[in-house]
>>> print(open('target_34.pdb').read())   # PDB, C-alpha atoms, pLDDT in the B column
ATOM      1  CA  MET A   1     133.064  66.183  95.809  1.00 38.00           C
ATOM      2  CA  ALA A   2     130.885  65.084  92.882  1.00 36.00           C
ATOM      3  CA  GLU A   3     131.084  61.416  91.929  1.00 39.00           C
ATOM      4  CA  SER A   4     133.023  60.813  88.728  1.00 37.00           C
ATOM      5  CA  GLN A   5     131.119  59.282  85.847  1.00 38.00           C
ATOM      6  CA  THR A   6     134.125  59.318  83.534  1.00 38.00           C
ATOM      7  CA  ASP A   7     136.962  56.812  83.470  1.00 44.00           C
ATOM      8  CA  PRO A   8     140.481  58.256  83.095  1.00 41.00           C
ATOM      9  CA  GLY A   9     141.393  58.625  79.464  1.00 41.00           C
ATOM     10  CA  GLU A  10     137.815  59.066  78.199  1.00 40.00           C
ATOM     11  CA  PRO A  11     136.634  62.406  76.786  1.00 38.00           C
ATOM     12  CA  VAL A  12     134.531  64.503  79.143  1.00 40.00           C
ATOM     13  CA  ALA A  13     130.889  64.478  78.143  1.00 35.00           C
ATOM     14  CA  GLY A  14     129.788  67.837  76.763  1.00 37.00           C
ATOM     15  CA  ALA A  15     133.381  69.067  76.458  1.00 37.00           C
ATOM     16  CA  ALA A  16     134.315  71.905  74.152  1.00 38.00           C
ATOM     17  CA  ALA A  17     134.405  71.521  70.417  1.00 36.00           C
ATOM     18  CA  SER A  18     137.826  71.418  68.806  1.00 39.00           C
ATOM     19  CA  THR A  19     137.481  74.815  67.149  1.00 38.00           C
ATOM     20  CA  GLY A  20     138.861  77.854  68.939  1.00 51.00           C
ATOM     21  CA  LEU A  21     138.808  77.754  72.705  1.00 62.00           C
ATOM     22  CA  GLY A  22     135.376  76.161  72.858  1.00 62.00           C
ATOM     23  CA  LEU A  23     132.347  76.961  74.966  1.00 61.00           C
ATOM     24  CA  VAL A  24     133.855  75.309  78.024  1.00 66.00           C
ATOM     25  CA  PHE A  25     136.323  78.188  78.363  1.00 76.00           C
ATOM     26  CA  GLU A  26     133.471  80.640  78.888  1.00 79.00           C
ATOM     27  CA  ASP A  27     133.614  79.311  82.456  1.00 79.00           C
ATOM     28  CA  ALA A  28     136.197  81.614  84.052  1.00 83.00           C
ATOM     29  CA  ASP A  29     136.909  79.175  86.882  1.00 81.00           C
ATOM     30  CA  TYR A  30     137.580  76.372  84.433  1.00 86.00           C
ATOM     31  CA  ARG A  31     139.885  78.583  82.367  1.00 90.00           C
ATOM     32  CA  LEU A  32     141.815  79.536  85.516  1.00 89.00           C
ATOM     33  CA  ALA A  33     142.136  75.887  86.532  1.00 87.00           C
ATOM     34  CA  VAL A  34     143.464  74.887  83.107  1.00 92.00           C
ATOM     35  CA  VAL A  35     145.998  77.728  83.163  1.00 94.00           C
ATOM     36  CA  ASP A  36     147.085  76.567  86.618  1.00 90.00           C
ATOM     37  CA  LEU A  37     147.500  72.982  85.448  1.00 91.00           C
ATOM     38  CA  LEU A  38     149.369  73.931  82.286  1.00 95.00           C
ATOM     39  CA  GLY A  39     151.647  76.189  84.340  1.00 95.00           C
ATOM     40  CA  ALA A  40     152.484  73.317  86.679  1.00 92.00           C
ATOM     41  CA  ILE A  41     153.235  70.959  83.798  1.00 93.00           C
ATOM     42  CA  ALA A  42     155.294  73.576  81.958  1.00 95.00           C
ATOM     43  CA  TYR A  43     157.501  74.188  84.989  1.00 94.00           C
ATOM     44  CA  GLY A  44     157.870  70.440  85.456  1.00 91.00           C
ATOM     45  CA  GLU A  45     158.965  70.038  81.844  1.00 92.00           C
ATOM     46  CA  LEU A  46     161.417  72.931  82.220  1.00 94.00           C
ATOM     47  CA  SER A  47     162.864  71.232  85.308  1.00 92.00           C
ATOM     48  CA  ALA A  48     163.142  67.949  83.385  1.00 89.00           C
ATOM     49  CA  PHE A  49     165.053  69.754  80.643  1.00 91.00           C
ATOM     50  CA  GLU A  50     167.476  71.275  83.146  1.00 92.00           C
ATOM     51  CA  ARG A  51     168.077  67.960  84.904  1.00 90.00           C
ATOM     52  CA  LEU A  52     168.727  66.094  81.661  1.00 89.00           C
ATOM     53  CA  VAL A  53     171.329  68.700  80.745  1.00 91.00           C
ATOM     54  CA  ASP A  54     172.959  68.355  84.169  1.00 90.00           C
ATOM     55  CA  ASP A  55     172.844  64.541  84.074  1.00 89.00           C
ATOM     56  CA  ALA A  56     174.409  64.537  80.615  1.00 90.00           C
ATOM     57  CA  LYS A  57     177.537  66.075  82.146  1.00 90.00           C
ATOM     58  CA  LEU A  58     177.924  62.927  84.293  1.00 89.00           C
ATOM     59  CA  ALA A  59     177.309  60.473  81.442  1.00 91.00           C
ATOM     60  CA  PRO A  60     180.141  57.947  80.965  1.00 91.00           C
ATOM     61  CA  SER A  61     180.426  58.310  77.182  1.00 93.00           C
ATOM     62  CA  VAL A  62     180.040  60.920  74.468  1.00 95.00           C
ATOM     63  CA  ARG A  63     177.302  58.791  72.898  1.00 94.00           C
ATOM     64  CA  ASP A  64     175.326  58.957  76.154  1.00 93.00           C
ATOM     65  CA  LYS A  65     175.845  62.711  76.386  1.00 93.00           C
ATOM     66  CA  VAL A  66     174.476  63.209  72.880  1.00 93.00           C
ATOM     67  CA  GLU A  67     171.432  60.977  73.529  1.00 91.00           C
ATOM     68  CA  MET A  68     170.610  62.857  76.718  1.00 91.00           C
ATOM     69  CA  GLY A  69     171.075  66.190  74.978  1.00 91.00           C
ATOM     70  CA  ALA A  70     168.583  65.140  72.304  1.00 90.00           C
ATOM     71  CA  MET A  71     166.059  64.133  74.990  1.00 88.00           C
ATOM     72  CA  ALA A  72     166.531  67.491  76.717  1.00 89.00           C
ATOM     73  CA  THR A  73     165.789  69.289  73.443  1.00 90.00           C
ATOM     74  CA  LEU A  74     162.489  67.426  73.111  1.00 87.00           C
ATOM     75  CA  GLU A  75     161.536  68.330  76.691  1.00 87.00           C
ATOM     76  CA  PHE A  76     162.164  72.000  75.960  1.00 91.00           C
ATOM     77  CA  GLY A  77     159.903  71.753  72.915  1.00 90.00           C
ATOM     78  CA  HIS A  78     157.094  70.649  75.227  1.00 91.00           C
ATOM     79  CA  VAL A  79     157.540  73.834  77.262  1.00 93.00           C
ATOM     80  CA  ALA A  80     157.131  76.009  74.167  1.00 92.00           C
ATOM     81  CA  ARG A  81     153.830  74.340  73.196  1.00 93.00           C
ATOM     82  CA  LEU A  82     152.431  74.676  76.709  1.00 95.00           C
ATOM     83  CA  HIS A  83     153.391  78.349  76.801  1.00 96.00           C
ATOM     84  CA  GLU A  84     151.614  78.903  73.497  1.00 95.00           C
ATOM     85  CA  ARG A  85     148.402  77.397  74.853  1.00 94.00           C
ATOM     86  CA  ILE A  86     148.578  79.446  78.052  1.00 96.00           C
ATOM     87  CA  ARG A  87     148.874  82.615  75.957  1.00 96.00           C
ATOM     88  CA  GLU A  88     145.861  81.525  73.885  1.00 93.00           C
ATOM     89  CA  LEU A  89     143.918  81.397  77.156  1.00 93.00           C
ATOM     90  CA  GLY A  90     144.835  85.016  77.857  1.00 93.00           C
ATOM     91  CA  ALA A  91     147.436  84.365  80.575  1.00 96.00           C
ATOM     92  CA  ASP A  92     151.154  84.942  80.960  1.00 98.00           C
ATOM     93  CA  PRO A  93     153.034  81.603  80.953  1.00 97.00           C
ATOM     94  CA  PHE A  94     155.697  82.788  83.384  1.00 97.00           C
ATOM     95  CA  GLU A  95     153.078  83.974  85.843  1.00 96.00           C
ATOM     96  CA  ALA A  96     151.296  80.642  85.396  1.00 96.00           C
ATOM     97  CA  MET A  97     154.465  78.715  86.280  1.00 95.00           C
ATOM     98  CA  ALA A  98     155.469  80.900  89.219  1.00 94.00           C
ATOM     99  CA  PRO A  99     153.177  79.347  91.903  1.00 90.00           C
ATOM    100  CA  PHE A 100     154.774  75.930  91.345  1.00 90.00           C
ATOM    101  CA  GLU A 101     158.426  76.878  91.377  1.00 91.00           C
ATOM    102  CA  ALA A 102     158.946  76.575  95.146  1.00 88.00           C
ATOM    103  CA  ALA A 103     157.216  73.197  95.511  1.00 86.00           C
ATOM    104  CA  LEU A 104     158.917  71.577  92.531  1.00 89.00           C
ATOM    105  CA  ASP A 105     162.320  73.031  93.392  1.00 90.00           C
ATOM    106  CA  LEU A 106     161.940  71.703  96.949  1.00 88.00           C
ATOM    107  CA  PHE A 107     161.095  68.245  95.586  1.00 88.00           C
ATOM    108  CA  HIS A 108     164.224  68.251  93.449  1.00 89.00           C
ATOM    109  CA  THR A 109     166.323  69.470  96.388  1.00 91.00           C
ATOM    110  CA  HIS A 110     165.023  66.587  98.517  1.00 90.00           C
ATOM    111  CA  THR A 111     165.680  64.080  95.734  1.00 92.00           C
ATOM    112  CA  ALA A 112     169.059  65.216  94.428  1.00 91.00           C
ATOM    113  CA  PRO A 113     170.717  62.093  92.917  1.00 92.00           C
ATOM    114  CA  ALA A 114     174.052  60.965  94.330  1.00 91.00           C
ATOM    115  CA  ASP A 115     175.329  59.719  90.975  1.00 92.00           C
ATOM    116  CA  TRP A 116     174.461  59.217  87.328  1.00 92.00           C
ATOM    117  CA  TYR A 117     172.503  56.019  87.957  1.00 94.00           C
ATOM    118  CA  GLU A 118     170.281  57.628  90.575  1.00 94.00           C
ATOM    119  CA  GLY A 119     169.716  60.433  88.087  1.00 92.00           C
ATOM    120  CA  LEU A 120     168.557  57.932  85.474  1.00 93.00           C
ATOM    121  CA  VAL A 121     166.149  56.285  87.904  1.00 94.00           C
ATOM    122  CA  LYS A 122     164.774  59.674  88.892  1.00 92.00           C
ATOM    123  CA  ALA A 123     164.281  60.727  85.273  1.00 88.00           C
ATOM    124  CA  TYR A 124     162.369  57.522  84.527  1.00 90.00           C
ATOM    125  CA  VAL A 125     160.543  56.784  87.780  1.00 90.00           C
ATOM    126  CA  GLY A 126     160.151  60.289  89.257  1.00 86.00           C
ATOM    127  CA  ASP A 127     159.086  61.992  86.050  1.00 87.00           C
ATOM    128  CA  GLY A 128     156.863  59.015  85.262  1.00 89.00           C
ATOM    129  CA  LEU A 129     154.982  59.454  88.515  1.00 88.00           C
ATOM    130  CA  ALA A 130     154.353  63.124  87.803  1.00 87.00           C
ATOM    131  CA  ALA A 131     153.242  62.326  84.252  1.00 89.00           C
ATOM    132  CA  ASP A 132     150.794  59.688  85.503  1.00 90.00           C
ATOM    133  CA  PHE A 133     149.233  62.190  87.917  1.00 86.00           C
ATOM    134  CA  TYR A 134     148.767  64.808  85.196  1.00 88.00           C
ATOM    135  CA  ARG A 135     147.332  62.247  82.756  1.00 90.00           C
ATOM    136  CA  GLU A 136     144.798  61.221  85.371  1.00 86.00           C
ATOM    137  CA  VAL A 137     143.715  64.838  85.853  1.00 85.00           C
ATOM    138  CA  ALA A 138     143.647  65.432  82.085  1.00 87.00           C
ATOM    139  CA  ALA A 139     140.919  62.806  81.731  1.00 84.00           C
ATOM    140  CA  TYR A 140     138.488  65.338  83.255  1.00 81.00           C
ATOM    141  CA  LEU A 141     139.310  68.163  80.824  1.00 86.00           C
ATOM    142  CA  ASP A 142     138.105  69.241  77.396  1.00 86.00           C
ATOM    143  CA  ALA A 143     139.503  67.237  74.488  1.00 90.00           C
ATOM    144  CA  ASP A 144     141.944  69.866  73.204  1.00 90.00           C
ATOM    145  CA  THR A 145     143.538  70.458  76.598  1.00 91.00           C
ATOM    146  CA  ARG A 146     143.666  66.745  77.318  1.00 92.00           C
ATOM    147  CA  ASP A 147     145.399  66.021  74.005  1.00 93.00           C
ATOM    148  CA  LEU A 148     147.940  68.798  74.569  1.00 94.00           C
ATOM    149  CA  ILE A 149     148.791  67.515  78.046  1.00 94.00           C
ATOM    150  CA  ILE A 150     149.187  63.916  76.879  1.00 93.00           C
ATOM    151  CA  ALA A 151     151.417  65.027  74.002  1.00 91.00           C
ATOM    152  CA  SER A 152     153.503  67.176  76.358  1.00 90.00           C
ATOM    153  CA  LEU A 153     154.051  64.209  78.651  1.00 88.00           C
ATOM    154  CA  ASP A 154     155.181  61.872  75.883  1.00 81.00           C
ATOM    155  CA  ASP A 155     158.371  60.040  76.705  1.00 77.00           C
ATOM    156  CA  ALA A 156     161.318  61.666  74.948  1.00 71.00           C
ATOM    157  CA  GLY A 157     163.344  58.461  75.004  1.00 76.00           C
ATOM    158  CA  GLN A 158     164.174  58.431  78.719  1.00 81.00           C
ATOM    159  CA  ALA A 159     162.434  55.104  79.327  1.00 87.00           C
ATOM    160  CA  ASP A 160     164.447  52.956  76.916  1.00 90.00           C
ATOM    161  CA  PHE A 161     167.633  54.829  77.790  1.00 92.00           C
ATOM    162  CA  ALA A 162     167.189  54.365  81.546  1.00 91.00           C
ATOM    163  CA  VAL A 163     166.109  50.710  81.354  1.00 93.00           C
ATOM    164  CA  ARG A 164     169.020  49.797  79.092  1.00 94.00           C
ATOM    165  CA  HIS A 165     171.664  51.453  81.248  1.00 94.00           C
ATOM    166  CA  ILE A 166     170.279  50.502  84.677  1.00 95.00           C
ATOM    167  CA  ARG A 167     169.834  46.841  83.746  1.00 95.00           C
ATOM    168  CA  GLN A 168     173.366  46.690  82.373  1.00 95.00           C
ATOM    169  CA  ALA A 169     174.745  48.399  85.471  1.00 94.00           C
ATOM    170  CA  ILE A 170     172.999  45.905  87.777  1.00 95.00           C
ATOM    171  CA  ASP A 171     174.340  42.997  85.707  1.00 94.00           C
ATOM    172  CA  ASP A 172     177.829  44.436  86.147  1.00 94.00           C
ATOM    173  CA  ASP A 173     177.355  45.183  89.868  1.00 94.00           C
ATOM    174  CA  PRO A 174     174.399  43.330  91.487  1.00 92.00           C
ATOM    175  CA  LYS A 175     174.851  45.290  94.732  1.00 92.00           C
ATOM    176  CA  LEU A 176     173.807  48.439  92.882  1.00 95.00           C
ATOM    177  CA  GLY A 177     170.280  47.056  92.556  1.00 94.00           C
ATOM    178  CA  GLY A 178     169.578  47.236  96.294  1.00 94.00           C
ATOM    179  CA  ARG A 179     170.619  50.873  96.545  1.00 95.00           C
ATOM    180  CA  LEU A 180     168.620  51.895  93.493  1.00 95.00           C
ATOM    181  CA  ALA A 181     165.536  50.014  94.724  1.00 95.00           C
ATOM    182  CA  LEU A 182     165.629  52.025  97.958  1.00 95.00           C
ATOM    183  CA  TRP A 183     166.088  55.183  95.905  1.00 95.00           C
ATOM    184  CA  GLY A 184     163.050  54.343  93.783  1.00 93.00           C
ATOM    185  CA  ARG A 185     160.883  53.876  96.874  1.00 93.00           C
ATOM    186  CA  ARG A 186     162.033  57.222  98.233  1.00 93.00           C
ATOM    187  CA  LEU A 187     161.151  58.910  94.940  1.00 92.00           C
ATOM    188  CA  MET A 188     157.703  57.360  95.122  1.00 90.00           C
ATOM    189  CA  GLY A 189     157.000  58.773  98.571  1.00 89.00           C
ATOM    190  CA  GLU A 190     158.329  62.231  97.763  1.00 88.00           C
ATOM    191  CA  ALA A 191     156.442  62.429  94.449  1.00 84.00           C
ATOM    192  CA  LEU A 192     153.083  61.418  95.923  1.00 81.00           C
ATOM    193  CA  THR A 193     153.514  63.912  98.755  1.00 82.00           C
ATOM    194  CA  GLN A 194     154.297  66.641  96.244  1.00 79.00           C
ATOM    195  CA  ALA A 195     151.309  65.812  94.020  1.00 74.00           C
ATOM    196  CA  GLN A 196     148.909  65.837  96.967  1.00 73.00           C
ATOM    197  CA  ARG A 197     150.340  69.100  98.273  1.00 74.00           C
ATOM    198  CA  VAL A 198     150.076  70.867  94.916  1.00 73.00           C
ATOM    199  CA  ALA A 199     146.486  69.693  94.391  1.00 68.00           C
ATOM    200  CA  ALA A 200     145.480  70.773  97.906  1.00 68.00           C
ATOM    201  CA  GLU A 201     147.200  74.160  97.923  1.00 69.00           C
ATOM    202  CA  ARG A 202     145.906  75.376  94.569  1.00 73.00           C
ATOM    203  CA  ASP A 203     142.206  76.241  94.848  1.00 70.00           C
ATOM    204  CA  ALA A 204     141.713  76.179  91.086  1.00 69.00           C
ATOM    205  CA  LEU A 205     143.125  72.653  90.775  1.00 70.00           C
ATOM    206  CA  SER A 206     141.082  71.452  93.744  1.00 69.00           C
ATOM    207  CA  ALA A 207     137.929  72.819  92.116  1.00 69.00           C
ATOM    208  CA  LEU A 208     138.884  71.163  88.844  1.00 71.00           C
ATOM    209  CA  LEU A 209     139.195  67.765  90.521  1.00 68.00           C
ATOM    210  CA  ALA A 210     135.920  68.301  92.375  1.00 64.00           C
ATOM    211  CA  GLY A 211     134.039  68.936  89.131  1.00 62.00           C
ATOM    212  CA  GLY A 212     130.833  70.908  88.771  1.00 57.00           C
ATOM    213  CA  ILE A 213     127.218  70.738  87.666  1.00 50.00           C
ATOM    214  CA  ASP A 214     128.161  70.188  84.025  1.00 56.00           C
ATOM    215  CA  ARG A 215     131.537  68.511  84.554  1.00 58.00           C
ATOM    216  CA  PRO A 216     132.389  65.201  86.237  1.00 59.00           C
ATOM    217  CA  GLY A 217     134.825  65.199  89.113  1.00 61.00           C
ATOM    218  CA  LEU A 218     136.469  62.981  91.686  1.00 63.00           C
ATOM    219  CA  ASP A 219     135.128  62.057  95.103  1.00 65.00           C
ATOM    220  CA  LEU A 220     137.431  60.764  97.852  1.00 68.00           C
ATOM    221  CA  ALA A 221     137.018  57.149  96.754  1.00 78.00           C
ATOM    222  CA  ALA A 222     137.885  58.037  93.168  1.00 76.00           C
ATOM    223  CA  ILE A 223     140.964  59.957  94.309  1.00 76.00           C
ATOM    224  CA  GLY A 224     142.039  56.893  96.269  1.00 80.00           C
ATOM    225  CA  ARG A 225     141.662  54.708  93.176  1.00 85.00           C
ATOM    226  CA  MET A 226     143.626  57.235  91.152  1.00 83.00           C
ATOM    227  CA  PHE A 227     146.608  57.066  93.498  1.00 84.00           C
ATOM    228  CA  THR A 228     146.341  53.259  93.522  1.00 89.00           C
ATOM    229  CA  ARG A 229     146.697  53.260  89.731  1.00 91.00           C
ATOM    230  CA  ILE A 230     149.678  55.606  89.958  1.00 89.00           C
ATOM    231  CA  THR A 231     151.322  53.288  92.500  1.00 90.00           C
ATOM    232  CA  GLU A 232     150.741  50.282  90.271  1.00 93.00           C
ATOM    233  CA  ARG A 233     152.369  52.024  87.321  1.00 92.00           C
ATOM    234  CA  HIS A 234     155.331  52.927  89.513  1.00 92.00           C
ATOM    235  CA  ASN A 235     155.747  49.262  90.427  1.00 93.00           C
ATOM    236  CA  GLU A 236     155.690  48.343  86.737  1.00 93.00           C
ATOM    237  CA  ARG A 237     158.444  50.856  85.980  1.00 93.00           C
ATOM    238  CA  MET A 238     160.575  49.559  88.806  1.00 94.00           C
ATOM    239  CA  ALA A 239     160.166  46.027  87.448  1.00 94.00           C
ATOM    240  CA  GLU A 240     161.223  47.244  84.014  1.00 93.00           C
ATOM    241  CA  LEU A 241     164.427  48.542  85.576  1.00 93.00           C
ATOM    242  CA  GLY A 242     165.011  45.188  87.266  1.00 92.00           C
ATOM    243  CA  LEU A 243     164.350  46.695  90.710  1.00 91.00           C
ATOM    244  CA  SER A 244     161.939  45.726  93.472  1.00 79.00           C
ATOM    245  CA  ALA A 245     159.268  48.318  94.227  1.00 63.00           C
TER
END
>>> encode(input="target_34.pdb", output="structure tokens")
Amino acid sequence: MAESQTDPGEPVAGAAASTGLGLVFEDADYRLAVVDLLGAIAYGELSAFERLVDDAKLAPSVRDKVEMGAMATLEFGHVARLHERIRELGADPFEAMAPFEAALDLFHTHTAPADWYEGLVKAYVGDGLAADFYREVAAYLDADTRDLIIASLDDAGQADFAVRHIRQAIDDDPKLGGRLALWGRRLMGEALTQAQRVAAERDALSALLAGGIDRPGLDLAAIGRMFTRITERHNERMAELGLSA
């Protein structure tokens, strides 16, 4: 793979202008890769919406139910914006999401929470891991696509909500902390496995990460550093929850 000359978060040199789709989208392979990535994120956001709705049913108070319902509404708004962009690129958003349904559904089957607290940790830690991966990839895209992805991954309030409730729950029952710490480590392993599988199985995404003559990419060392950064952010989230990583 080509060596990256761009740090995550920096605009890609020579990226498209902000008007229209930009010259970069004249590259059919690049357009396909972006559609693939947006489809993956859109299905992930749809799954997050569904899980917030389900978790709200287990919430201990009406206030908690309403807060979680509001967060779910924001997640669904992200899906609509991603779909709009996919259509602008000449693709069908439902067809773009379809290749990722099986992998993401399997991840959620393997990480079904046993109770409301595990659901909160998953929403904060699990979704955070996925968001970190997509932000890392977005650093190698044109400015408009990168900005859309970052906006779509904005926290809808889950972080403060999860930290507040998990810390209070551990104060009330210190034994809960050990179980949730183990749960967080399991989420980490499952999420990294899923991210690597999706990137490897989708040719368009693999090509996107590899870069091209006029676009920077990631070599194996850079990919290793990327996953190190994702792991470090996971550890920070666990610490915020009052859990050991």
>>> axis_aligned_box(input="target_34.pdb", around="range 172-185 of chain A", padding_each_side="4 Å", output="lines of an AutoDock Vina configuration file")
center_x = 169.4
center_y = 49.3
center_z = 92.1
size_x = 24.9
size_y = 19.9
size_z = 19.8
>>> resolve_selection(input="target_34.pdb", expression="the PyMOL selection byres ((chain A and resi 147) around 12)", output="PyMOL selection string")
chain A and resi 9-11+18+81-82+85+134-135+138-146+148-154
>>> closest_residue(input="target_34.pdb", among="A:Val121, A:Ala33, A:Leu205, A:Val62", to="Ala169 in chain A", atoms="only C-alpha atoms")
A:Val121
>>> closest_residue(input="target_34.pdb", among="A:Leu58, A:Val125, A:Ala40, A:Met71", to="Asp105 in chain A", atoms="all atoms listed in the file")
A:Ala40
>>> residues_around(input="target_34.pdb", residues="range 177-180 of chain A", least_positions_apart="2", cutoff="9 Å", atoms="only C-alpha atoms", output="ChimeraX atom specification")
/A:117-118,121,166-167,169-171,173-175,182-185,242-244
>>> residues_around(input="target_34.pdb", residues="Pro60 in chain A", least_positions_apart="4", cutoff="12 Å", atoms="all atoms listed in the file", output="ChimeraX atom specification")
/A:55-56,64-68,115-117,165,169
>>> residues_around(input="target_34.pdb", residues="Glu45 in chain A", least_positions_apart="6", cutoff="7 Å", atoms="only C-alpha atoms", output="NGL selection string")
:A and (75-76 or 78-79)
>>> atom_distance(input="target_34.pdb", atom1="CA of Ala191 in chain A", atom2="CA of Gly126 in chain A")
6.7 Å
>>> closest_residue(input="target_34.pdb", among="A:Glu240, A:Glu136, A:Glu190, A:Gly77", to="Arg225 in chain A", atoms="all atoms listed in the file")
A:Glu136
>>> atom_distance(input="target_34.pdb", atom1="CA of Ala112 in chain A", atom2="CA of Ala48 in chain A")
12.8 Å
>>> resolve_selection(input="target_34.pdb", expression="the PyMOL selection byres ((chain A and resi 92) around 12)", output="list in words")
Leu32, Val35, Asp36, Leu38, Gly39, Leu82, His83, Glu84, Arg85, Ile86, Arg87, Glu88, Leu89, Gly90, Ala91, Pro93, Phe94, Glu95, Ala96, Met97 and Ala98 of chain A
>>> resolve_selection(input="target_34.pdb", expression="the PyMOL selection byres ((chain A and resi 230) around 12)", output="PyMOL selection string")
chain A and resi 8+125-126+128-137+188-189+191-192+195+223-229+231-237
>>> atom_distance(input="target_34.pdb", atom1="CA of Ala42 in chain A", atom2="CA of Leu208 in chain A")
18.0 Å
